[in-house]
Structures are given as C-alpha cells and as structure tokens.
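Enquirer: Can you keep this structure in mind? I'll have questions shortly.
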Amino acid sequence: MSLLPAHYLCPLCQQALTLTDKTYGCTNNHSFDQAKQGYVNLLPVQFKHSKAPGDNKDMVIARRAFLDKRFYQPLVDKMLVLYQQYGQSDAPLLDAGCGEGFYTHQHKTIENQVYGVDIAKETIKIAAKRYQNCHFSVGTLSKLSFSDNYFGWLVSVYAPILENEFTRILQQDGYLLTVTPAEKHLFELKELIYKQANEHDITKTPINKLTLVEEQQLTYAMNFEHSDDVLNLLAMTPFAFKASKELIEEIKTMSKFTCQADFILRLYKKQDKK
Ligand SMILES: C[S@@+](CC[C@H](N)C(=O)[O-])C[C@H]1O[C@@H](n2cnc3c(N)ncnc32)[C@H](O)[C@@H]1O
Ligand SMILES: [Zn+2]
C-alpha cells in the first residue's frame, strides 16, 4: 500500500489529528473535513490575511497548462537526480508551496509518503484531484501542521522559504532543496515588457540553520511555437500585470519565440554545525 494515512497536527492546538469518516479530529474536538478531492483545509480563518490568499485560479490554470507541456521537465529531472542521490527512500517528503502539484507528484515512489502544502485553496483542489497518491493540504508555511523532525526531504520551488519552520519539521540529516530564478531566467520575456529588463538578483537570502551541500545552475532555451504557451508563461509570472493589451495582442501573432530558463538549485542539510 503506497498511500498511508496522513500525519497532520491540529493547527489550533498542535495535537495529532486522526482521520475518522472523512474528518480529521484532535483530542480537543477541533475538526477538519476532508474535501471530496481528498485534501484537507488546515488553514483556520483567523490565520488568513486575505479572503483567497496565494495564487489566483487564473494563474493556477495557466501554470498547469504550461507545466503540462513539459517546458520545465529538465528542472524536475535534475531535482529527482538530487533526491535519488541524497534522499532516504522511505522518509516522508514535503513540497512546501506546492502549487498544482507538478513537482510534488513526480517525487512519489512506492516507498515514500509525499505531501504538498499551499495556502491557495484553488490550487490544492486541482492538485488533489489529479494526484491522488499524494497528501495535499491547505496551510501556511509560517505555521506548518506537522510534527518536529518529521520529513526527510523538503522541496521549495519558487515559493517562500521559511527557515525556522522548515528546520523544525526536517529530520536530523534531512534535506531542503530550493529552486529559485537565476540571472537570465525568462530574460527575453521580460525584455518584451520592460524597455530595459533587469536580470534576477540571485544574492541568496542566507539560510543559517542549515548547511549548503550543493549548488547547481540549470540553463536552457525554451523554443515556443504556439503563442498560447508564451501567454501561459507570462500569466505565471509576477510581472504579468505589467503587460499592456498591445503586448498581449503582439504575442498572439507570434509564431516563434525563444526564451531562457535559468534556475538555481540549492541543497541544504540539517546537521549540527561544526
Ligand atoms: C510561484 S508559485 C510556485 C508553485 C509551485 N511550487 C510551482 O513551482 O509550480 C508560489 C506558491 O507559493 C504559495 N504560497 C505563497 N505564500 C505562501 C504561504 N505563506 N504559505 C503557503 N503557500 C504559500 C502560492 O499560493 C503559490 O502556489
Ligand atoms: Zn486541536
């Protein structure tokens, strides 16, 4: 059996949650219903800073359409090589800020339990609906509903990195793999929008509690032959709202467009500092 019951803590009192009749409950009678898609919402209203936090539905739909075309598959392949090289095959894995689950589910094996957390309910809904072999929950990265030292592997792709919480839920000798943009990521797309595109600032936010064990850059060209792919890519980015109507119309007429993907992968380990 490759999908075991999920291990969550109650977001209100931090006691363990048990699943009975599609409801997760703790000994203090707090309860959280499992949605029909299989996910659970562990984000109590008082933890929300807005009505619909995180990415909106249109961004999620655009991201799924783009990722489904495998333009970022070389990135997943590199992530999986690191996981196979360093990871402990049966330790639980969490994709923190998992979006619609594209990276999450590709880490699932018959040995491990894979979790995905995101603050945006719409994205978790479509993740859970498609990838039924992973545990998805709505939650905030700043207060994760998991026990201390629970995970052997954490993944963070283009999502906020919360050092204290990530360190708390990682096992000793567990790993955090982060993916962030490198200098030239989507440079040609940005050039369409800004007269003078800036390169990404890649100075890393220092992570002090974990030890950096590997840093790799992955750069390749993406050749687009359908304007829809370019429009989806644009819609996924934080600079989408800067695009004028004229530019959108111009993109629609393009039959070819080449743009760079440029990523930095950093692998950190939780170990005692010497
Ligand atoms: C750029 S998207 C990346 C999604 C996914 N990792 C991917 O690459 O396809 C960032 C994700 O982080 C989520 N997010 C942002 N702040 C968060 C928070 N405080 N807690 C949980 N998720 C958060 C957003 O809802 C969004 O799905
Ligand atoms: Zn409780």
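Starting from 1 in every chain, residues are counted up; chains themselves are A, B, ... following the order of the structure tokens, and ligands are numbered from 1 as listed.
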Give the residues close to ligand 1, within 7 Å, counting only C-alpha atoms and all ligand atoms; write them as an MDAnalysis selection string.
Expert: chainID A and resid 53:55 63 96:103 117:120 123 139:142 156:160
Enquirer: Go ahead and dump the residues you just picked, C-alpha atoms, as a CSV table (one decimal), in the first residue's frame.
Expert:
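As written to disk, part_38.csv reads:
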```csv
chain,number,residue,atom,x,y,z
A,53,PRO,CA,-4.6,34.0,-0.2
A,54,GLY,CA,-1.9,32.8,-2.6
A,55,ASP,CA,-2.1,32.5,-6.4
A,63,ARG,CA,0.7,27.3,-14.7
A,96,ALA,CA,6.2,23.4,0.5
A,97,GLY,CA,4.2,25.9,-1.6
A,98,CYS,CA,3.4,23.1,-4.0
A,99,GLY,CA,1.1,24.9,-6.4
A,100,GLU,CA,-0.9,22.5,-8.6
A,101,GLY,CA,1.4,19.5,-7.7
A,102,PHE,CA,3.5,19.2,-10.8
A,103,TYR,CA,6.8,18.8,-8.9
A,117,VAL,CA,1.0,22.3,1.2
A,118,ASP,CA,-0.1,25.5,-0.3
A,119,ILE,CA,-2.0,28.5,1.1
A,120,ALA,CA,-4.2,28.8,-2.1
A,123,THR,CA,-4.5,25.2,-6.4
A,139,GLY,CA,-2.0,25.6,5.1
A,140,THR,CA,0.5,28.4,5.7
A,141,LEU,CA,4.3,27.8,5.5
A,142,SER,CA,4.7,30.1,8.5
A,156,SER,CA,10.6,24.5,-2.3
A,157,VAL,CA,10.1,25.7,-5.9
A,158,TYR,CA,9.6,29.4,-6.4
A,159,ALA,CA,7.9,29.6,-3.1
A,160,PRO,CA,8.6,31.4,0.2
```
Enquirer: Residues within 12 Å of ligand 2, counting only C-alpha atoms and all ligand atoms: report them as a ChimeraX atom specification.
Expert: /A:8-18,24-32,42,44,145
Enquirer: Put those residues in a file: N, CA and C atoms, as an mmCIF file, in the first residue's frame.
Expert:
```
data_model
loop_
_atom_site.group_PDB
_atom_site.id
_atom_site.type_symbol
_atom_site.label_atom_id
_atom_site.label_comp_id
_atom_site.auth_asym_id
_atom_site.auth_seq_id
_atom_site.Cartn_x
_atom_site.Cartn_y
_atom_site.Cartn_z
ATOM 1 N N TYR A 8 -0.945 14.657 10.318
ATOM 2 C CA TYR A 8 -1.056 16.104 10.475
ATOM 3 C C TYR A 8 -1.217 16.443 11.950
ATOM 4 N N LEU A 9 -0.850 17.662 12.282
ATOM 5 C CA LEU A 9 -1.144 18.177 13.619
ATOM 6 C C LEU A 9 -2.298 19.162 13.495
ATOM 7 N N CYS A 10 -3.036 19.286 14.571
ATOM 8 C CA CYS A 10 -4.133 20.258 14.590
ATOM 9 C C CYS A 10 -3.521 21.670 14.543
ATOM 10 N N PRO A 11 -3.982 22.508 13.600
ATOM 11 C CA PRO A 11 -3.404 23.849 13.512
ATOM 12 C C PRO A 11 -3.779 24.734 14.704
ATOM 13 N N LEU A 12 -4.785 24.306 15.481
ATOM 14 C CA LEU A 12 -5.240 25.138 16.606
ATOM 15 C C LEU A 12 -4.561 24.769 17.922
ATOM 16 N N CYS A 13 -4.315 23.459 18.134
ATOM 17 C CA CYS A 13 -3.750 23.070 19.442
ATOM 18 C C CYS A 13 -2.520 22.168 19.312
ATOM 19 N N GLN A 14 -2.109 21.875 18.087
ATOM 20 C CA GLN A 14 -0.895 21.100 17.792
ATOM 21 C C GLN A 14 -0.944 19.638 18.265
ATOM 22 N N GLN A 15 -2.147 19.138 18.616
ATOM 23 C CA GLN A 15 -2.261 17.703 18.913
ATOM 24 C C GLN A 15 -2.353 16.947 17.585
ATOM 25 N N ALA A 16 -2.058 15.630 17.637
ATOM 26 C CA ALA A 16 -2.142 14.837 16.403
ATOM 27 C C ALA A 16 -3.594 14.763 15.920
ATOM 28 N N LEU A 17 -3.757 14.767 14.599
ATOM 29 C CA LEU A 17 -5.095 14.608 14.024
ATOM 30 C C LEU A 17 -5.276 13.161 13.586
ATOM 31 N N THR A 18 -6.476 12.617 13.830
ATOM 32 C CA THR A 18 -6.773 11.285 13.286
ATOM 33 C C THR A 18 -7.977 11.388 12.361
ATOM 34 N N TYR A 24 -10.834 14.905 9.946
ATOM 35 C CA TYR A 24 -9.650 14.862 10.806
ATOM 36 C C TYR A 24 -10.018 15.530 12.133
ATOM 37 N N GLY A 25 -9.726 14.861 13.251
ATOM 38 C CA GLY A 25 -10.072 15.445 14.548
ATOM 39 C C GLY A 25 -8.946 15.261 15.541
ATOM 40 N N CYS A 26 -8.878 16.170 16.529
ATOM 41 C CA CYS A 26 -7.876 16.040 17.592
ATOM 42 C C CYS A 26 -8.598 15.747 18.901
ATOM 43 N N THR A 27 -7.848 15.506 19.963
ATOM 44 C CA THR A 27 -8.470 15.153 21.243
ATOM 45 C C THR A 27 -9.189 16.349 21.867
ATOM 46 N N ASN A 28 -8.923 17.544 21.362
ATOM 47 C CA ASN A 28 -9.640 18.732 21.871
ATOM 48 C C ASN A 28 -10.876 19.070 21.049
ATOM 49 N N ASN A 29 -11.295 18.084 20.259
ATOM 50 C CA ASN A 29 -12.528 18.249 19.454
ATOM 51 C C ASN A 29 -12.475 19.323 18.379
ATOM 52 N N HIS A 30 -11.292 19.664 17.911
ATOM 53 C CA HIS A 30 -11.219 20.504 16.716
ATOM 54 C C HIS A 30 -11.347 19.548 15.530
ATOM 55 N N SER A 31 -12.091 19.950 14.522
ATOM 56 C CA SER A 31 -12.236 19.017 13.401
ATOM 57 C C SER A 31 -12.141 19.723 12.057
ATOM 58 N N PHE A 32 -11.650 18.960 11.075
ATOM 59 C CA PHE A 32 -11.363 19.488 9.723
ATOM 60 C C PHE A 32 -11.815 18.439 8.725
ATOM 61 N N LEU A 42 -6.361 23.005 6.423
ATOM 62 C CA LEU A 42 -5.853 23.199 7.786
ATOM 63 C C LEU A 42 -5.473 24.659 8.021
ATOM 64 N N PRO A 44 -7.088 27.726 9.426
ATOM 65 C CA PRO A 44 -8.248 28.341 10.079
ATOM 66 C C PRO A 44 -8.386 29.797 9.637
ATOM 67 N N SER A 145 1.440 22.350 9.827
ATOM 68 C CA SER A 145 0.747 21.396 10.698
ATOM 69 C C SER A 145 1.426 20.026 10.682
#
```
Enquirer: Which of these, A:Ala65, A:Thr178, A:Leu144, A:His200, has the shortest distance to Val230 (chain A) once you count only C-alpha atoms?
Expert: A:Ala65
Enquirer: Find the spatial neighbours of region 184-191 of chain A, counting only C-alpha atoms, within a cut-off of 9 Å - ignore same-chain residues fewer than 6 positions away - and output them as a PyMOL selection string.
Expert: chain A and resi 197-200+219+230+233-234+239+257-263
Enquirer: Out of region 1-226 of chain A, which residues get alpha helix (DSSP H) from DSSP, as a PyMOL selection string?
Expert: chain A and resi 57-68+73-86+102-105+121-130+163-169+187-193
Enquirer: Store the residues picked out above, limited to C-alpha atoms, as a short mmCIF file (atom, residue, chain, number, x, y, z; two decimals), in the first residue's frame.
Expert:
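Wrote it out as part-v4.cif, contents follow:
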```cif
data_model
loop_
_atom_site.label_atom_id
_atom_site.label_comp_id
_atom_site.auth_asym_id
_atom_site.auth_seq_id
_atom_site.Cartn_x
_atom_site.Cartn_y
_atom_site.Cartn_z
CA LYS A 57 -7.29 30.50 -10.12
CA ASP A 58 -6.28 32.03 -13.47
CA MET A 59 -2.61 31.86 -12.54
CA VAL A 60 -3.03 28.26 -11.45
CA ILE A 61 -4.78 27.27 -14.69
CA ALA A 62 -2.07 28.99 -16.77
CA ARG A 63 0.69 27.30 -14.75
CA ARG A 64 -0.86 23.87 -15.13
CA ALA A 65 -1.29 24.31 -18.92
CA PHE A 66 2.34 25.44 -19.23
CA LEU A 67 3.83 22.76 -16.99
CA ASP A 68 1.79 20.05 -18.73
CA GLN A 73 10.82 18.92 -17.17
CA PRO A 74 14.64 19.34 -17.26
CA LEU A 75 14.29 21.03 -13.87
CA VAL A 76 12.27 18.17 -12.41
CA ASP A 77 14.79 15.68 -13.77
CA LYS A 78 17.61 17.49 -12.00
CA MET A 79 15.62 17.66 -8.78
CA LEU A 80 14.96 13.92 -8.93
CA VAL A 81 18.63 13.13 -9.53
CA LEU A 82 19.49 15.01 -6.32
CA TYR A 83 16.67 13.25 -4.45
CA GLN A 84 17.88 9.84 -5.63
CA GLN A 85 21.47 10.72 -4.78
CA TYR A 86 20.95 12.14 -1.29
CA PHE A 102 3.51 19.23 -10.80
CA TYR A 103 6.78 18.80 -8.87
CA THR A 104 5.14 17.13 -5.86
CA HIS A 105 3.77 14.05 -7.57
CA LYS A 121 -7.23 26.51 -1.82
CA GLU A 122 -7.96 26.55 -5.57
CA THR A 123 -4.50 25.22 -6.36
CA ILE A 124 -4.70 22.47 -3.73
CA LYS A 125 -8.09 21.46 -5.06
CA ILE A 126 -6.76 20.81 -8.55
CA ALA A 127 -3.57 19.20 -7.19
CA ALA A 128 -5.53 16.74 -5.05
CA LYS A 129 -7.98 15.96 -7.82
CA ARG A 130 -5.26 14.93 -10.24
CA GLU A 163 13.79 28.87 7.56
CA ASN A 164 12.59 28.29 11.13
CA GLU A 165 9.58 26.19 10.22
CA PHE A 166 11.46 24.22 7.56
CA THR A 167 14.25 23.44 10.02
CA ARG A 168 11.77 22.41 12.72
CA ILE A 169 9.95 19.85 10.54
CA PHE A 187 15.00 37.36 -19.73
CA GLU A 188 13.59 37.56 -23.27
CA LEU A 189 10.04 37.61 -21.92
CA LYS A 190 10.93 40.42 -19.56
CA GLU A 191 12.52 42.30 -22.44
CA LEU A 192 9.15 42.35 -24.17
CA ILE A 193 7.62 44.02 -21.16
#
```
Enquirer: Excluding same-chain residues fewer than 6 positions from Ile264 (chain A), what lies within 8 Å of it counting only C-alpha atoms, as an MDAnalysis selection string?
Expert: chainID A and resid 178:182 215:218
Enquirer: Go ahead and save the residues from that selection, with N, CA and C atoms, as a compact mmCIF listing (two decimals), in the first residue's frame.
Expert:
```txt
# COMPACT_ATOMS: atom_id res chain seq x y z
N THR A 178 15.96 23.87 -2.60
CA THR A 178 15.26 25.08 -3.05
C THR A 178 15.56 25.33 -4.53
N VAL A 179 14.55 25.81 -5.24
CA VAL A 179 14.74 26.23 -6.63
C VAL A 179 14.31 27.68 -6.73
N THR A 180 15.23 28.52 -7.19
CA THR A 180 14.97 29.96 -7.32
C THR A 180 15.46 30.41 -8.70
N PRO A 181 15.00 31.57 -9.18
CA PRO A 181 15.44 32.01 -10.51
C PRO A 181 16.91 32.44 -10.53
N ALA A 182 17.63 32.08 -11.58
CA ALA A 182 18.99 32.60 -11.79
C ALA A 182 18.90 33.86 -12.67
N GLU A 215 25.22 23.36 -4.88
CA GLU A 215 24.57 24.47 -5.58
C GLU A 215 24.78 24.25 -7.06
N GLN A 216 23.71 24.23 -7.83
CA GLN A 216 23.83 23.97 -9.26
C GLN A 216 22.98 24.96 -10.03
N GLN A 217 23.45 25.30 -11.22
CA GLN A 217 22.66 26.17 -12.09
C GLN A 217 22.18 25.35 -13.29
N LEU A 218 20.98 25.57 -13.71
CA LEU A 218 20.44 24.87 -14.88
C LEU A 218 19.92 25.92 -15.86
```
Enquirer: For CA of Asn112 (chain A) and CA of Asn208 (chain A), quote the distance in Å rounded to one decimal.
Expert: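 Separating CA of Asn112 (chain A) from CA of Asn208 (chain A) is a distance of 28.1 Å.
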